[in-house]
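One structure below.
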Amino acid sequence: MGDVDDKIEVLPRRFRWSDWLRPVLDILYPPCCAACGIRTGVHHALCPGCWRQMRFIERPFCEVLGIPFSYDPGEGMVCAEAIAEPPVFDRLRAVALHEGPARSLVHALKYRDRTELAGMMAHWMQRAAGVHLQEADAIIPVPLHWSRLASRRFNQAAELARALSRLSGKPLLSDVLIRRKRTLRQVGLTANAREDNLRAAFRVVPGRENMVFGRHIILVDDVYTTGATVSSATRALKRAGATEVTVLSFAMALRQPI
């Protein structure tokens, strides 16, 4: 009787065209830093310089708004902003501050049609969401108005949500929440003007409330600024019966840690 190892059959590796094409594509399109564009060893990665400049949001941070603290106030602490004006969503989580390489990634995805970056960014978002993504029932992107979607051709939040769904195995509900009015661009508006601009801007599609009712939803957007957009979207989800809404964004605009 021979050794067990003698009975193991080594199957030949199946040929894949991507194995042959990859070196050719690397010559035509050399791997570059996703943020600054300098040559790197692999695709969809950051160079050492950009990696050092990424300001990832790590604990300690506010358990509600996810805003980083400049010191550790103790486990479970909530910032004064969340106490004074509790958000309509249950919590916010973000990968990094909206500056430097993180800002470059957001702009590349949003304005330069770099949709291939969504997978890399979603990996970090999965980590930032942690247990809340594991316990969620579904993922919903913040929608664009149909007219803006037609001009831009894609929704950056939907690209991130789609990649996150593939990574986590959570259902993607991309046609449940809609933006029913074309709002002004938020850039340059005051916080109050943003809220007025987005009041009643979203709704759950009539007849699809059962897809939201009683569920924990992950609401995905690319950048969190004042919270007006995700707050308006959260109100629509909660009117339809969502039990919890966790806002998950790639970047957070913040002047300085609190």
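Labeling convention for the structure tokens: chains A, B, ... as they appear, residues from 1 per chain, ligands from 1 in order of appearance.
Proximity to region 73-84 of chain A at 7 Å, evaluated using only C-alpha atoms and with sequence-adjacent residues fewer than 2 positions away removed, yields Cys62, Glu63, Val64, Leu65, Tyr71, Pro86 and Pro87 of chain A.
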If you keep all heavy atoms, can you produce a file of those selected residues as an mmCIF file, in the first residue's frame?
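Below is the file selection.cif, written as the result:
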```cif
data_model
loop_
_atom_site.group_PDB
_atom_site.id
_atom_site.type_symbol
_atom_site.label_atom_id
_atom_site.label_comp_id
_atom_site.auth_asym_id
_atom_site.auth_seq_id
_atom_site.Cartn_x
_atom_site.Cartn_y
_atom_site.Cartn_z
ATOM 1 N N CYS A 62 -16.671 58.968 17.509
ATOM 2 C CA CYS A 62 -18.049 59.025 18.008
ATOM 3 C C CYS A 62 -18.823 57.815 17.503
ATOM 4 O O CYS A 62 -18.824 57.539 16.300
ATOM 5 C CB CYS A 62 -18.712 60.322 17.543
ATOM 6 S SG CYS A 62 -20.494 60.398 17.843
ATOM 7 N N GLU A 63 -19.492 57.125 18.386
ATOM 8 C CA GLU A 63 -20.209 55.911 18.015
ATOM 9 C C GLU A 63 -21.410 56.197 17.119
ATOM 10 O O GLU A 63 -21.869 55.305 16.409
ATOM 11 C CB GLU A 63 -20.673 55.166 19.268
ATOM 12 C CG GLU A 63 -19.552 54.535 20.075
ATOM 13 C CD GLU A 63 -18.811 53.471 19.286
ATOM 14 O OE1 GLU A 63 -19.442 52.756 18.482
ATOM 15 O OE2 GLU A 63 -17.587 53.353 19.464
ATOM 16 N N VAL A 64 -21.901 57.426 17.111
ATOM 17 C CA VAL A 64 -23.050 57.767 16.283
ATOM 18 C C VAL A 64 -22.618 58.369 14.952
ATOM 19 O O VAL A 64 -22.956 57.854 13.889
ATOM 20 C CB VAL A 64 -23.998 58.733 17.029
ATOM 21 C CG1 VAL A 64 -25.143 59.184 16.120
ATOM 22 C CG2 VAL A 64 -24.560 58.075 18.273
ATOM 23 N N LEU A 65 -21.854 59.451 15.001
ATOM 24 C CA LEU A 65 -21.476 60.162 13.779
ATOM 25 C C LEU A 65 -20.151 59.693 13.179
ATOM 26 O O LEU A 65 -19.793 60.130 12.084
ATOM 27 C CB LEU A 65 -21.417 61.665 14.047
ATOM 28 C CG LEU A 65 -22.768 62.348 14.293
ATOM 29 C CD1 LEU A 65 -22.579 63.832 14.591
ATOM 30 C CD2 LEU A 65 -23.692 62.160 13.099
ATOM 31 N N TYR A 71 -8.445 62.546 21.122
ATOM 32 C CA TYR A 71 -7.977 61.794 22.286
ATOM 33 C C TYR A 71 -9.001 60.711 22.566
ATOM 34 O O TYR A 71 -10.098 60.726 22.011
ATOM 35 C CB TYR A 71 -7.804 62.713 23.505
ATOM 36 C CG TYR A 71 -9.109 63.307 23.988
ATOM 37 C CD1 TYR A 71 -9.823 62.719 25.029
ATOM 38 C CD2 TYR A 71 -9.641 64.450 23.392
ATOM 39 C CE1 TYR A 71 -11.032 63.237 25.455
ATOM 40 C CE2 TYR A 71 -10.852 64.982 23.815
ATOM 41 C CZ TYR A 71 -11.536 64.373 24.847
ATOM 42 O OH TYR A 71 -12.739 64.891 25.265
ATOM 43 N N PRO A 86 -29.329 64.886 17.403
ATOM 44 C CA PRO A 86 -29.247 63.468 17.015
ATOM 45 C C PRO A 86 -29.670 63.280 15.561
ATOM 46 O O PRO A 86 -30.697 63.817 15.135
ATOM 47 C CB PRO A 86 -30.232 62.782 17.968
ATOM 48 C CG PRO A 86 -30.353 63.724 19.127
ATOM 49 C CD PRO A 86 -30.226 65.091 18.549
ATOM 50 N N PRO A 87 -28.897 62.544 14.780
ATOM 51 C CA PRO A 87 -29.238 62.339 13.364
ATOM 52 C C PRO A 87 -30.433 61.400 13.217
ATOM 53 O O PRO A 87 -30.746 60.621 14.126
ATOM 54 C CB PRO A 87 -27.971 61.718 12.782
ATOM 55 C CG PRO A 87 -27.350 61.001 13.945
ATOM 56 C CD PRO A 87 -27.639 61.858 15.141
#
```
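Compared by their closest atoms to Trp124 (chain A), and using only C-alpha atoms, the residues A:Arg203, A:Arg179, A:Arg235, A:Arg93 rank with A:Arg93 nearest.
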Legend entry - Separation of CA of Ser70 (chain A) from CA of Asp221 (chain A) in Å: 25.1 Å
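Shortest atom-to-atom contact with Lys170 (chain A) among A:Leu97, A:Ile139, A:Val245, A:Leu105: A:Ile139, counting only C-alpha atoms.
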